[in-house]
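Engineer: Attaching a single structure in structure tokens format; questions to follow.
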Number of protein chains: 2
Amino acid sequence: MKKARIKALLVDKENNSPVVLVEIEDTTKVIPIWIGAFEAWAMAMAIENVEFPRPLTHDLLISCVENLNGKFDRIVIHSIRDNTYFASLYVIDNSGNQVIIDSRPSDAIVLSLKRDIPLYVTEEVISESGIDLTVDIPSENEEDRRFKDFVEKLDIEQLKEIMKHKERKEDEPDINDLEDEE
Amino acid sequence: MKKARIKALLVDKENNSPVVLVEIEDTTKVIPIWIGAFEAWAMAMAIENVEFPRPLTHDLLISCVENLNGKFDRIVIHSIRDNTYFASLYVIDNSGNQVIIDSRPSDAIVLSLKRDIPLYVTEEVISESGIDLTVDIPSENEEDRRFKDFVEKLDIEQLKEIMKHKERKEDEPDINDLEDEE
């Protein structure tokens with residue numbers, strides 16, 4: 001299990017689908033998670049710390065948990081099945097007991113941004129879906145150049161290209177199909 | 001305070017904005033509440049009892065409350081200020097204490113649909129925003145006929161006309177205002 005944080009929120013221009021890049025701490029890897037439009041909007045508002053006069057749905061959720069004396073402990077993106085990521089929300093109830101709640105990663109990430117809840121990704125998910133964003137060996141190679149461009153610009157089109165290439169070469173799952181929901 | 005229920009979920013064609021009609025029990029009145037697109041979608045899915053493989057945001061909220069041994073007691077749409085409705089979510093915590101949580105009506109209504117939580121509207125809101133959908137006095141009058149047509153068709157354009165009139169005159173709706181809509 002590794003600590004993680006949100007690196008970027010991008011839009012896949014091909015299908016207008018938002019993607020969140022989760023960066024694995026102390027590594028050069030990211031996990032890309034395709035998410036729904038509403039969750040992306042909620043995430044963007046949380047990243048930008050936009051305040052609304054009325055509670056949004058995730059604010060209401062936080063308010064419910066905190067009013068019931070629950071305490072958000074951590075979030076773990078623990079597995080991936082059929083191109084869907086699964087997360088758990090760990091909450092400590094008012095008796096000090098740990099409660100584990102099944103969540104889509106997108107909701108969990110919005111909560112983590114709003115309340116600075118530590119975010120973790122399991123080794124299983126990292127090895128299945130992690131993409132290494134750096135190229136250690138300097139090279140004039142065209143693919144490496146594109147890879148570096150991608151790291152600098154966080155261009156989702158390039159990400160997809162890299163991932164297609166990765167898939168062909170390493171026979172890994174087609175990252176283009178990865179979705180957090182539905 | 002009156003018990004209420006969801007009568008209809010409509011789309012205001014002029015600005016594509018969803019509207020939920022909350023019907024006040026034992027009256028012929030409804031409260032129209034303009035809501036966000038996501039909340040409308042979540043509400044529609046709840047009305048239709050659509051099941052998703054993964055928890056939606058409101059499902060996660062319910063799961064959090066129930067895992068913390070909270071019990072949804074009731075929802076009250078209690079006031080309206082600057083055209084914004086305010087609701088409270090009443091939850092009983094695991095010590096039996098009542099917790100009152102501020103909510104947008106749209107979120108509260110989605111929860112009420114998903115968990116059959118009793119929904120109430122205060123007299124204040126009813127008198128400020130209630131629209132009477134029936135004409136009690138039988139009549140061959142053309143205006144009455146058009147009003148009844150409106151009730152049957154729940155035409156949002158007509159509803160808006162009625163409300164504009166209501167705002168202007170702070171009075172009961174005038175059927176003559178519906179003329180241009182025919």
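Each chain in the structure tokens gets a letter, A, B, ..., in the order shown, and its residues are numbered from 1; ligands are numbered from 1 in order too.
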What are the closest atom pairs, with distances in Å to one decimal, for each residue of chain B lying within 9 Å of chain A, using only C-alpha atoms, rows by chain and rising residue number, as a tab-separated table?

Structural biologist:
residue	atom	partner	partner_atom	distance
B:Phe38	CA	A:Phe38	CA	6.5
B:Glu39	CA	A:Thr57	CA	8.7
B:Phe52	CA	A:Glu182	CA	7.0
B:Pro53	CA	A:Glu182	CA	7.0
B:Arg54	CA	A:Glu181	CA	6.5
B:Pro55	CA	A:Ser103	CA	6.3
B:Leu56	CA	A:Arg104	CA	7.7
B:Thr57	CA	A:Asp107	CA	6.4
B:His58	CA	A:Thr57	CA	7.4
B:Leu60	CA	A:Ser103	CA	6.4
B:Leu61	CA	A:Leu61	CA	5.1
B:Ile62	CA	A:Leu61	CA	8.4
B:Ser63	CA	A:Ile101	CA	7.0
B:Cys64	CA	A:Val65	CA	6.6
B:Val65	CA	A:Val65	CA	6.4
B:Asn67	CA	A:Val99	CA	6.8
B:Leu68	CA	A:Asp93	CA	6.0
B:Asn69	CA	A:Leu68	CA	8.5
B:Gly70	CA	A:Leu68	CA	6.9
B:Phe86	CA	A:Arg54	CA	8.8
B:Leu89	CA	A:Cys64	CA	9.0
B:Val91	CA	A:Cys64	CA	8.4
B:Ile92	CA	A:Leu68	CA	8.7
B:Asp93	CA	A:Leu68	CA	6.0
B:Asn94	CA	A:Leu68	CA	8.2
B:Val99	CA	A:Asn67	CA	6.8
B:Ile100	CA	A:Asn67	CA	8.3
B:Ile101	CA	A:Cys64	CA	6.8
B:Asp102	CA	A:Leu60	CA	7.6
B:Ser103	CA	A:Pro55	CA	6.3
B:Arg104	CA	A:Arg54	CA	6.7
B:Asp107	CA	A:Thr57	CA	6.4

Engineer: Please provide the set of residues having any atom within 9 Å of B:Ile126, restricted to only C-alpha atoms, with same-chain residues fewer than 4 positions apart removed, written as a ChimeraX atom specification.

Structural biologist: /B:1-2,24,29-31,121-122,130-131

Engineer: Export N, CA, C and O atoms of the chosen residues as a CSV table (one decimal), in the first residue's frame?

Structural biologist:
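File produced: part39.csv:
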chain,number,residue,atom,x,y,z
B,1,MET,N,-46.8,22.6,9.6
B,1,MET,CA,-46.0,21.6,8.9
B,1,MET,C,-46.9,20.6,8.2
B,1,MET,O,-47.8,20.0,8.9
B,2,LYS,N,-46.7,20.3,6.9
B,2,LYS,CA,-47.5,19.3,6.2
B,2,LYS,C,-46.6,18.2,5.6
B,2,LYS,O,-45.5,18.5,5.2
B,24,ILE,N,-48.2,18.8,-1.6
B,24,ILE,CA,-48.5,18.9,-0.2
B,24,ILE,C,-49.8,18.0,0.1
B,24,ILE,O,-50.8,18.2,-0.5
B,29,LYS,N,-52.2,21.8,-3.4
B,29,LYS,CA,-51.0,22.6,-3.7
B,29,LYS,C,-49.7,21.8,-4.0
B,29,LYS,O,-49.5,20.7,-3.5
B,30,VAL,N,-48.9,22.5,-4.8
B,30,VAL,CA,-47.6,21.9,-5.1
B,30,VAL,C,-46.6,23.1,-4.8
B,30,VAL,O,-46.9,24.2,-5.0
B,31,ILE,N,-45.3,22.7,-4.5
B,31,ILE,CA,-44.2,23.6,-4.4
B,31,ILE,C,-43.2,23.2,-5.6
B,31,ILE,O,-42.8,22.1,-5.6
B,121,VAL,N,-43.1,19.9,4.6
B,121,VAL,CA,-42.9,21.3,4.2
B,121,VAL,C,-43.6,22.2,5.2
B,121,VAL,O,-44.7,21.9,5.6
B,122,THR,N,-42.9,23.2,5.6
B,122,THR,CA,-43.5,24.1,6.6
B,122,THR,C,-44.6,25.0,6.0
B,122,THR,O,-44.7,25.2,4.8
B,130,GLY,N,-46.5,27.9,-2.4
B,130,GLY,CA,-47.5,26.9,-2.9
B,130,GLY,C,-48.3,27.4,-4.0
B,130,GLY,O,-48.7,28.5,-4.0
B,131,ILE,N,-48.5,26.5,-5.0
B,131,ILE,CA,-49.4,26.8,-6.1
B,131,ILE,C,-50.6,25.9,-6.1
B,131,ILE,O,-50.4,24.6,-6.1

Engineer: Kindly give the distance, in Å, that separates atom CA of A:Thr27 and atom CA of A:Ser129, rounded to a single decimal.

Structural biologist: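 Answer for the atom CA of A:Thr27 to atom CA of A:Ser129 separation: 13.6 Å.
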
Engineer: Please report, as a PyMOL selection string, each residue of stretch 14-90 of chain B to which DSSP assigns strand (DSSP E or B) when run on this structure's backbone.

Structural biologist: chain B and resi 17-24+29-34+71-81+84-90

Engineer: State, in Å with one decimal place, the distance from atom CA of B:Ile109 to atom CA of B:Asn49.

Structural biologist: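 It comes out at 14.0 Å.
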
Engineer: From a backbone DSSP assignment, name each residue in stretch 49-122 of chain A labelled alpha helix (DSSP H), as a ChimeraX atom specification.

Structural biologist: /A:57-67,105-115

Engineer: I need the chosen residues saved as a PDB file, in the first residue's frame, with N, CA and C atoms.

Structural biologist:
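File result.pdb, as written:
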ATOM      1  N   THR A  57     -23.522  17.903  -2.547  1.00  0.00           N
ATOM      2  CA  THR A  57     -23.827  16.559  -2.056  1.00  0.00           C
ATOM      3  C   THR A  57     -22.685  15.991  -1.197  1.00  0.00           C
ATOM      4  N   HIS A  58     -21.443  16.194  -1.634  1.00  0.00           N
ATOM      5  CA  HIS A  58     -20.332  15.674  -0.824  1.00  0.00           C
ATOM      6  C   HIS A  58     -20.193  16.437   0.501  1.00  0.00           C
ATOM      7  N   ASP A  59     -20.539  17.718   0.487  1.00  0.00           N
ATOM      8  CA  ASP A  59     -20.532  18.482   1.749  1.00  0.00           C
ATOM      9  C   ASP A  59     -21.583  17.933   2.708  1.00  0.00           C
ATOM     10  N   LEU A  60     -22.738  17.594   2.143  1.00  0.00           N
ATOM     11  CA  LEU A  60     -23.799  17.021   2.980  1.00  0.00           C
ATOM     12  C   LEU A  60     -23.336  15.694   3.579  1.00  0.00           C
ATOM     13  N   LEU A  61     -22.671  14.901   2.766  1.00  0.00           N
ATOM     14  CA  LEU A  61     -22.140  13.614   3.256  1.00  0.00           C
ATOM     15  C   LEU A  61     -21.174  13.848   4.425  1.00  0.00           C
ATOM     16  N   ILE A  62     -20.249  14.792   4.231  1.00  0.00           N
ATOM     17  CA  ILE A  62     -19.277  15.103   5.294  1.00  0.00           C
ATOM     18  C   ILE A  62     -20.001  15.588   6.548  1.00  0.00           C
ATOM     19  N   SER A  63     -20.989  16.440   6.336  1.00  0.00           N
ATOM     20  CA  SER A  63     -21.758  16.979   7.441  1.00  0.00           C
ATOM     21  C   SER A  63     -22.477  15.859   8.209  1.00  0.00           C
ATOM     22  N   CYS A  64     -23.043  14.906   7.468  1.00  0.00           N
ATOM     23  CA  CYS A  64     -23.719  13.771   8.116  1.00  0.00           C
ATOM     24  C   CYS A  64     -22.723  12.974   8.960  1.00  0.00           C
ATOM     25  N   VAL A  65     -21.593  12.631   8.378  1.00  0.00           N
ATOM     26  CA  VAL A  65     -20.593  11.823   9.101  1.00  0.00           C
ATOM     27  C   VAL A  65     -20.115  12.567  10.343  1.00  0.00           C
ATOM     28  N   GLU A  66     -19.805  13.842  10.188  1.00  0.00           N
ATOM     29  CA  GLU A  66     -19.240  14.597  11.320  1.00  0.00           C
ATOM     30  C   GLU A  66     -20.298  14.873  12.390  1.00  0.00           C
ATOM     31  N   ASN A  67     -21.544  15.074  11.978  1.00  0.00           N
ATOM     32  CA  ASN A  67     -22.615  15.259  12.956  1.00  0.00           C
ATOM     33  C   ASN A  67     -22.912  13.974  13.729  1.00  0.00           C
ATOM     34  N   PRO A 105     -14.018   5.354  -6.363  1.00  0.00           N
ATOM     35  CA  PRO A 105     -12.861   6.215  -6.089  1.00  0.00           C
ATOM     36  C   PRO A 105     -13.186   7.694  -6.275  1.00  0.00           C
ATOM     37  N   SER A 106     -14.023   8.030  -7.238  1.00  0.00           N
ATOM     38  CA  SER A 106     -14.291   9.453  -7.510  1.00  0.00           C
ATOM     39  C   SER A 106     -14.908  10.143  -6.300  1.00  0.00           C
ATOM     40  N   ASP A 107     -15.919   9.519  -5.696  1.00  0.00           N
ATOM     41  CA  ASP A 107     -16.516  10.108  -4.490  1.00  0.00           C
ATOM     42  C   ASP A 107     -15.483  10.196  -3.365  1.00  0.00           C
ATOM     43  N   ALA A 108     -14.740   9.109  -3.205  1.00  0.00           N
ATOM     44  CA  ALA A 108     -13.739   9.074  -2.135  1.00  0.00           C
ATOM     45  C   ALA A 108     -12.707  10.181  -2.329  1.00  0.00           C
ATOM     46  N   ILE A 109     -12.303  10.398  -3.572  1.00  0.00           N
ATOM     47  CA  ILE A 109     -11.293  11.430  -3.845  1.00  0.00           C
ATOM     48  C   ILE A 109     -11.850  12.826  -3.566  1.00  0.00           C
ATOM     49  N   VAL A 110     -13.107  13.066  -3.916  1.00  0.00           N
ATOM     50  CA  VAL A 110     -13.705  14.376  -3.604  1.00  0.00           C
ATOM     51  C   VAL A 110     -13.676  14.600  -2.088  1.00  0.00           C
ATOM     52  N   LEU A 111     -14.043  13.572  -1.327  1.00  0.00           N
ATOM     53  CA  LEU A 111     -14.011  13.682   0.132  1.00  0.00           C
ATOM     54  C   LEU A 111     -12.584  13.923   0.621  1.00  0.00           C
ATOM     55  N   SER A 112     -11.637  13.195   0.039  1.00  0.00           N
ATOM     56  CA  SER A 112     -10.241  13.325   0.483  1.00  0.00           C
ATOM     57  C   SER A 112      -9.736  14.744   0.243  1.00  0.00           C
ATOM     58  N   LEU A 113     -10.169  15.349  -0.859  1.00  0.00           N
ATOM     59  CA  LEU A 113      -9.751  16.724  -1.151  1.00  0.00           C
ATOM     60  C   LEU A 113     -10.396  17.708  -0.180  1.00  0.00           C
ATOM     61  N   LYS A 114     -11.657  17.465   0.151  1.00  0.00           N
ATOM     62  CA  LYS A 114     -12.378  18.416   0.999  1.00  0.00           C
ATOM     63  C   LYS A 114     -11.941  18.354   2.459  1.00  0.00           C
ATOM     64  N   ARG A 115     -11.483  17.180   2.901  1.00  0.00           N
ATOM     65  CA  ARG A 115     -11.136  17.014   4.317  1.00  0.00           C
ATOM     66  C   ARG A 115      -9.709  16.529   4.534  1.00  0.00           C
TER      67      ARG A 115
END
